[in-house]
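Listing of structure_5.tsv, TSV, C-alpha atoms and all ligand atoms
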```
chain	number	residue	atom	x	y	z
A	1	MET	CA	89.56	95.46	95.74
A	2	THR	CA	92.70	93.34	95.56
A	3	LYS	CA	94.76	92.56	98.64
A	4	ARG	CA	96.46	95.57	100.20
A	5	CYS	CA	100.21	95.40	100.72
A	6	PRO	CA	100.90	95.25	104.48
A	7	LEU	CA	103.50	97.61	105.92
A	8	GLY	CA	105.08	98.45	109.25
A	9	VAL	CA	105.98	102.03	110.20
A	10	LEU	CA	108.83	102.90	112.56
A	11	VAL	CA	108.54	106.23	114.38
A	12	SER	CA	110.15	108.18	117.20
A	13	GLY	CA	108.18	111.41	117.57
A	14	ASN	CA	105.31	113.52	116.34
A	15	GLY	CA	104.23	111.18	113.56
A	16	SER	CA	102.85	113.68	111.06
A	17	ASN	CA	104.25	111.53	108.24
A	18	LEU	CA	102.67	108.46	109.78
A	19	GLN	CA	99.40	110.43	109.81
A	20	ALA	CA	99.77	111.16	106.11
A	21	ILE	CA	100.18	107.43	105.40
A	22	LEU	CA	97.25	106.48	107.65
A	23	ASP	CA	95.02	109.05	105.93
A	24	ALA	CA	96.09	107.80	102.49
A	25	CYS	CA	95.30	104.21	103.54
A	26	GLU	CA	91.70	105.27	104.14
A	27	GLN	CA	91.28	106.24	100.51
A	28	LYS	CA	89.36	103.82	98.39
A	29	ASN	CA	91.76	101.73	96.29
A	30	PHE	CA	94.91	102.75	98.16
A	31	PRO	CA	97.07	99.64	97.72
A	32	ALA	CA	98.69	99.49	101.19
A	33	GLU	CA	97.63	99.10	104.80
A	34	VAL	CA	99.54	99.78	108.03
A	35	ARG	CA	99.71	96.60	110.12
A	36	ILE	CA	101.85	97.92	112.95
A	37	VAL	CA	103.44	101.13	114.18
A	38	ILE	CA	106.56	100.66	116.30
A	39	SER	CA	108.15	103.45	118.31
A	40	ASN	CA	111.46	103.39	120.12
A	41	LYS	CA	110.01	106.04	122.44
A	42	ALA	CA	107.02	105.36	124.69
A	43	GLU	CA	106.01	109.04	124.72
A	44	ALA	CA	105.92	109.47	120.92
A	45	TYR	CA	102.73	111.25	119.82
A	46	ALA	CA	102.80	109.04	116.74
A	47	LEU	CA	101.50	106.18	118.93
A	48	GLU	CA	98.36	108.19	119.73
A	49	ARG	CA	97.80	108.79	116.03
A	50	ALA	CA	97.97	105.04	115.44
A	51	HIS	CA	95.61	104.28	118.34
A	52	ALA	CA	93.12	106.81	117.01
A	53	LYS	CA	92.92	104.78	113.80
A	54	GLY	CA	92.80	101.43	115.61
A	55	ILE	CA	96.23	100.36	114.36
A	56	ALA	CA	98.37	97.96	116.42
A	57	THR	CA	101.37	99.55	118.12
A	58	ALA	CA	104.46	98.44	119.98
A	59	VAL	CA	107.13	100.26	121.92
A	60	VAL	CA	110.59	98.81	121.43
A	61	SER	CA	112.78	101.04	123.51
A	62	HIS	CA	116.42	100.89	122.49
A	63	GLY	CA	117.57	101.71	126.04
A	64	GLU	CA	116.11	98.47	127.32
A	65	PHE	CA	118.31	96.23	125.20
A	66	PRO	CA	121.90	95.24	125.94
A	67	SER	CA	123.02	95.92	122.35
A	68	ARG	CA	121.89	97.42	119.06
A	69	GLY	CA	121.74	93.87	117.69
A	70	ALA	CA	119.28	92.77	120.37
A	71	PHE	CA	117.16	95.90	119.81
A	72	GLU	CA	116.98	95.25	116.08
A	73	GLU	CA	116.20	91.54	116.55
A	74	LYS	CA	113.16	92.64	118.53
A	75	LEU	CA	112.12	95.10	115.80
A	76	ILE	CA	112.49	92.35	113.19
A	77	SER	CA	110.46	89.85	115.19
A	78	GLN	CA	107.66	92.38	115.81
A	79	LEU	CA	107.52	93.29	112.12
A	80	GLU	CA	107.63	89.65	111.03
A	81	SER	CA	104.89	88.62	113.41
A	82	SER	CA	102.76	91.39	111.92
A	83	LYS	CA	103.52	89.88	108.51
A	84	VAL	CA	104.56	93.11	106.87
A	85	ASP	CA	105.86	93.16	103.30
A	86	PHE	CA	107.77	96.40	103.74
A	87	VAL	CA	108.85	98.96	106.28
A	88	VAL	CA	108.65	102.76	106.29
A	89	LEU	CA	110.86	104.89	108.52
A	90	ALA	CA	108.76	107.96	109.28
A	91	GLY	CA	110.85	110.10	111.58
A	92	PHE	CA	112.58	107.08	113.15
A	93	MET	CA	115.62	108.51	114.88
A	94	ARG	CA	117.83	105.41	115.16
A	95	VAL	CA	120.38	104.31	112.59
A	96	LEU	CA	119.67	100.73	111.54
A	97	SER	CA	122.54	98.29	111.18
A	98	THR	CA	123.42	95.86	108.42
A	99	ARG	CA	121.49	93.08	110.17
A	100	PHE	CA	118.17	94.93	109.92
A	101	VAL	CA	118.83	96.39	106.49
A	102	ARG	CA	119.76	92.99	105.02
A	103	HIS	CA	116.73	91.34	106.56
A	104	PHE	CA	114.42	93.76	104.73
A	105	ALA	CA	116.73	94.39	101.77
A	106	GLY	CA	115.02	96.55	99.14
A	107	ARG	CA	111.93	96.79	101.33
A	108	ILE	CA	112.67	99.80	103.57
A	109	LEU	CA	111.76	103.38	102.66
A	110	ASN	CA	112.90	106.49	104.52
A	111	ILE	CA	111.80	110.12	104.28
A	112	HIS	CA	114.43	112.81	104.59
A	113	PRO	CA	113.74	116.56	104.77
A	114	ALA	CA	116.42	117.73	102.30
A	115	LEU	CA	117.53	117.09	98.74
A	116	LEU	CA	119.97	114.23	99.27
A	117	PRO	CA	122.91	113.92	99.02
A	118	ALA	CA	122.85	117.43	100.52
A	119	PHE	CA	122.37	117.64	104.27
A	120	PRO	CA	122.18	113.99	105.37
A	121	GLY	CA	121.77	113.09	109.05
A	122	THR	CA	119.77	114.92	111.68
A	123	HIS	CA	118.46	118.51	111.65
A	124	ALA	CA	118.55	118.68	107.86
A	125	ILE	CA	116.04	121.56	107.59
A	126	ASN	CA	118.06	123.57	110.08
A	127	GLN	CA	121.31	122.75	108.33
A	128	ALA	CA	119.97	123.86	104.95
A	129	TRP	CA	118.49	127.06	106.35
A	130	ASN	CA	121.71	127.96	108.22
A	131	TYR	CA	123.75	127.25	105.10
A	132	GLY	CA	121.74	129.81	103.19
A	133	VAL	CA	120.61	127.59	100.34
A	134	LYS	CA	118.04	129.00	97.93
A	135	VAL	CA	116.55	125.59	97.21
A	136	THR	CA	116.18	122.54	99.41
A	137	GLY	CA	113.50	119.86	99.43
A	138	VAL	CA	112.38	116.37	100.34
A	139	THR	CA	113.71	112.93	99.44
A	140	VAL	CA	112.16	109.49	99.79
A	141	HIS	CA	114.78	106.79	99.36
A	142	PHE	CA	115.42	103.10	99.86
A	143	VAL	CA	117.45	102.41	102.96
A	144	ASP	CA	120.85	100.84	102.51
A	145	GLU	CA	123.65	100.36	104.98
A	146	GLY	CA	124.75	104.02	105.03
A	147	THR	CA	123.09	107.04	106.60
A	148	ASP	CA	120.64	108.55	104.08
A	149	THR	CA	122.62	107.08	101.17
A	150	GLY	CA	120.19	104.64	99.55
A	151	PRO	CA	118.76	104.89	96.00
A	152	ILE	CA	116.38	107.81	95.57
A	153	VAL	CA	112.72	107.01	94.89
A	154	LEU	CA	111.11	110.46	94.81
A	155	GLN	CA	112.46	113.95	95.29
A	156	GLU	CA	110.86	117.37	95.24
A	157	ALA	CA	112.49	120.78	95.49
A	158	VAL	CA	111.32	123.57	97.80
A	159	ALA	CA	112.45	127.12	97.04
A	160	LEU	CA	113.21	129.54	99.85
A	161	ASP	CA	111.72	133.03	99.74
A	162	GLU	CA	113.89	136.08	100.29
A	163	LYS	CA	112.60	136.39	103.86
A	164	GLU	CA	112.10	132.73	104.62
A	165	SER	CA	112.13	131.93	108.33
A	166	LEU	CA	113.15	128.56	109.68
A	167	GLU	CA	109.55	128.01	110.81
A	168	SER	CA	108.04	128.81	107.41
A	169	LEU	CA	110.60	126.56	105.71
A	170	GLU	CA	109.74	123.72	108.09
A	171	GLU	CA	106.08	124.13	107.21
A	172	LYS	CA	106.77	124.03	103.48
A	173	ILE	CA	109.00	120.97	103.81
A	174	HIS	CA	106.50	119.07	105.93
A	175	SER	CA	103.65	119.73	103.57
A	176	VAL	CA	105.71	118.30	100.69
A	177	GLU	CA	106.67	115.30	102.85
A	178	HIS	CA	103.04	114.53	103.58
A	179	ARG	CA	102.34	114.28	99.86
A	180	LEU	CA	105.54	112.52	98.76
A	181	LEU	CA	105.68	109.75	101.36
A	182	PRO	CA	102.19	108.33	100.70
A	183	GLU	CA	102.96	108.54	96.98
A	184	ALA	CA	106.13	106.46	97.47
A	185	VAL	CA	104.20	103.96	99.59
A	186	ARG	CA	101.64	103.66	96.83
A	187	LEU	CA	104.31	103.08	94.17
A	188	PHE	CA	106.04	100.44	96.30
A	189	ALA	CA	102.77	98.67	97.07
A	190	GLU	CA	101.87	98.63	93.38
A	191	GLY	CA	105.20	96.96	92.65
A	192	ARG	CA	106.27	99.85	90.45
A	193	LEU	CA	109.64	100.67	92.04
A	194	ARG	CA	112.46	99.02	90.11
A	195	PRO	CA	115.89	99.71	91.62
A	196	GLU	CA	118.70	99.36	89.06
A	197	GLY	CA	121.91	100.12	90.92
A	198	ARG	CA	121.62	103.69	92.21
A	199	LYS	CA	118.69	104.50	89.94
A	200	VAL	CA	115.11	103.68	90.78
A	201	ARG	CA	112.94	103.33	87.71
A	202	ILE	CA	109.22	103.89	88.18
A	203	GLY	CA	107.38	101.32	86.13
A	204	ASP	CA	103.92	101.56	84.64
A	205	PRO	CA	100.98	100.26	86.62
A	206	SER	CA	100.52	96.56	85.87
A	301	LIG	C1	110.40	114.54	109.17
A	301	LIG	O1	110.83	115.82	108.81
A	301	LIG	C2	111.19	113.47	108.45
A	301	LIG	O2	111.62	113.86	107.19
A	301	LIG	C3	112.38	113.31	109.35
A	301	LIG	O3	111.87	113.42	110.64
A	301	LIG	C4	110.69	114.23	110.63
A	301	LIG	C5	109.60	113.44	111.29
A	301	LIG	O4	108.43	114.19	111.46
A	301	LIG	N1	113.04	112.06	109.07
A	301	LIG	P1	107.08	113.45	111.90
A	301	LIG	O5	107.39	112.66	113.17
A	301	LIG	O6	106.66	112.55	110.79
A	301	LIG	O7	106.11	114.55	112.16
```

Now that the file is in, can you turn its structure into structure tokens?
Amino acid sequence: MTKRCPLGVLVSGNGSNLQAILDACEQKNFPAEVRIVISNKAEAYALERAHAKGIATAVVSHGEFPSRGAFEEKLISQLESSKVDFVVLAGFMRVLSTRFVRHFAGRILNIHPALLPAFPGTHAINQAWNYGVKVTGVTVHFVDEGTDTGPIVLQEAVALDEKESLESLEEKIHSVEHRLLPEAVRLFAEGRLRPEGRKVRIGDPS
């Protein structure tokens, strides 16, 4: 097996998307490996998921830094010392500034639980459900300097049933997320994602 592409995952909470990546990494021939999981919250369950798989973790708590810049410098130095090639935001609830985004330009993926550009920001599943949409979905995108505005890598629609509850919609969305995010990680690690302006072309396997 050729060398696996090393990645860092930033989390803040439950970590079910992290789990999906960790499970995918255990598959034979999966082209990526998680080198470090960093949480901005010490109590995040995601950290336990990482420990259970023997993955290195760090807590970089934003409240302990005098500025956003100092917080992000610490994130960058942790990721660099783990020698990651790219970064996945898997339920990371902090907006990253230009400094961080430029440092890892074109090498940060985020998962968002709606069909962007609809319902950016927090509570996207709730927003879509309250709005009464008939279709919502999941987006994996590159991170740029805006909030949920970067070029779209993968997207999948989820239709709402006539009697859809918020809980059932959440379940549907999460199960799509857990498939789409590892797929995007795989494509990135295989070097198949070719951003051309706003469009991301998916190249053939080399
Ligand atoms: C997911 O719905 C993701 O799309 C959003 O935050 C949630 C994180 O869930 N950005 P988990 O921590 O991965 O379970």

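Across A:Phe86, A:Phe100, A:Phe30, A:Phe119, the tightest approach to ligand LIG 301 (chain A) is made by A:Phe119 when counting all atoms listed in the file.
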
Point-to-point distance from CA of Ala189 in chain A to CA of Lys3 in chain A, Å rounded to tenths:
10.2 Å

Each side padded by 8 Å, which centre and which edge lengths in Å (one decimal) define the axis-aligned box around the listed atoms of ligand LIG 301 (chain A)? Give them as JSON.
```
{"center_x": 109.6, "center_y": 113.9, "center_z": 110.2, "size_x": 22.9, "size_y": 19.8, "size_z": 22.0}
```

Select the residues contacting ligand LIG 301 (chain A) at a distance of at most 9 Å, based on only C-alpha atoms and all ligand atoms, then format the selection as an mmCIF file with C-alpha atoms, in the coordinates of the input.
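Here's the written file out-v5.cif:
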```cif
data_model
loop_
_atom_site.group_PDB
_atom_site.id
_atom_site.type_symbol
_atom_site.label_atom_id
_atom_site.label_comp_id
_atom_site.auth_asym_id
_atom_site.auth_seq_id
_atom_site.Cartn_x
_atom_site.Cartn_y
_atom_site.Cartn_z
ATOM 1 C CA VAL A 11 108.540 106.230 114.380
ATOM 2 C CA SER A 12 110.150 108.180 117.200
ATOM 3 C CA GLY A 13 108.180 111.410 117.570
ATOM 4 C CA ASN A 14 105.310 113.520 116.340
ATOM 5 C CA GLY A 15 104.230 111.180 113.560
ATOM 6 C CA SER A 16 102.850 113.680 111.060
ATOM 7 C CA ASN A 17 104.250 111.530 108.240
ATOM 8 C CA LEU A 18 102.670 108.460 109.780
ATOM 9 C CA GLN A 19 99.400 110.430 109.810
ATOM 10 C CA ALA A 20 99.770 111.160 106.110
ATOM 11 C CA ALA A 44 105.920 109.470 120.920
ATOM 12 C CA TYR A 45 102.730 111.250 119.820
ATOM 13 C CA ALA A 46 102.800 109.040 116.740
ATOM 14 C CA LEU A 89 110.860 104.890 108.520
ATOM 15 C CA ALA A 90 108.760 107.960 109.280
ATOM 16 C CA GLY A 91 110.850 110.100 111.580
ATOM 17 C CA PHE A 92 112.580 107.080 113.150
ATOM 18 C CA MET A 93 115.620 108.510 114.880
ATOM 19 C CA ASN A 110 112.900 106.490 104.520
ATOM 20 C CA ILE A 111 111.800 110.120 104.280
ATOM 21 C CA HIS A 112 114.430 112.810 104.590
ATOM 22 C CA PRO A 113 113.740 116.560 104.770
ATOM 23 C CA ALA A 114 116.420 117.730 102.300
ATOM 24 C CA GLY A 121 121.770 113.090 109.050
ATOM 25 C CA THR A 122 119.770 114.920 111.680
ATOM 26 C CA HIS A 123 118.460 118.510 111.650
ATOM 27 C CA ALA A 124 118.550 118.680 107.860
ATOM 28 C CA ILE A 125 116.040 121.560 107.590
ATOM 29 C CA VAL A 138 112.380 116.370 100.340
ATOM 30 C CA THR A 139 113.710 112.930 99.440
ATOM 31 C CA VAL A 140 112.160 109.490 99.790
ATOM 32 C CA GLU A 170 109.740 123.720 108.090
ATOM 33 C CA ILE A 173 109.000 120.970 103.810
ATOM 34 C CA HIS A 174 106.500 119.070 105.930
ATOM 35 C CA GLU A 177 106.670 115.300 102.850
ATOM 36 C CA HIS A 178 103.040 114.530 103.580
#
```

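Here the question is which of A:Glu196, A:Asp144, A:Glu33, A:Glu167 gets nearest to Val84 in chain A using only C-alpha atoms, and that residue is A:Glu33.
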
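The shortest atom-to-atom distance to Thr98 in chain A, with only C-alpha atoms taken into account, belongs to A:Gly146 out of A:Gly146, A:Pro6, A:Gly203, A:Gly63.
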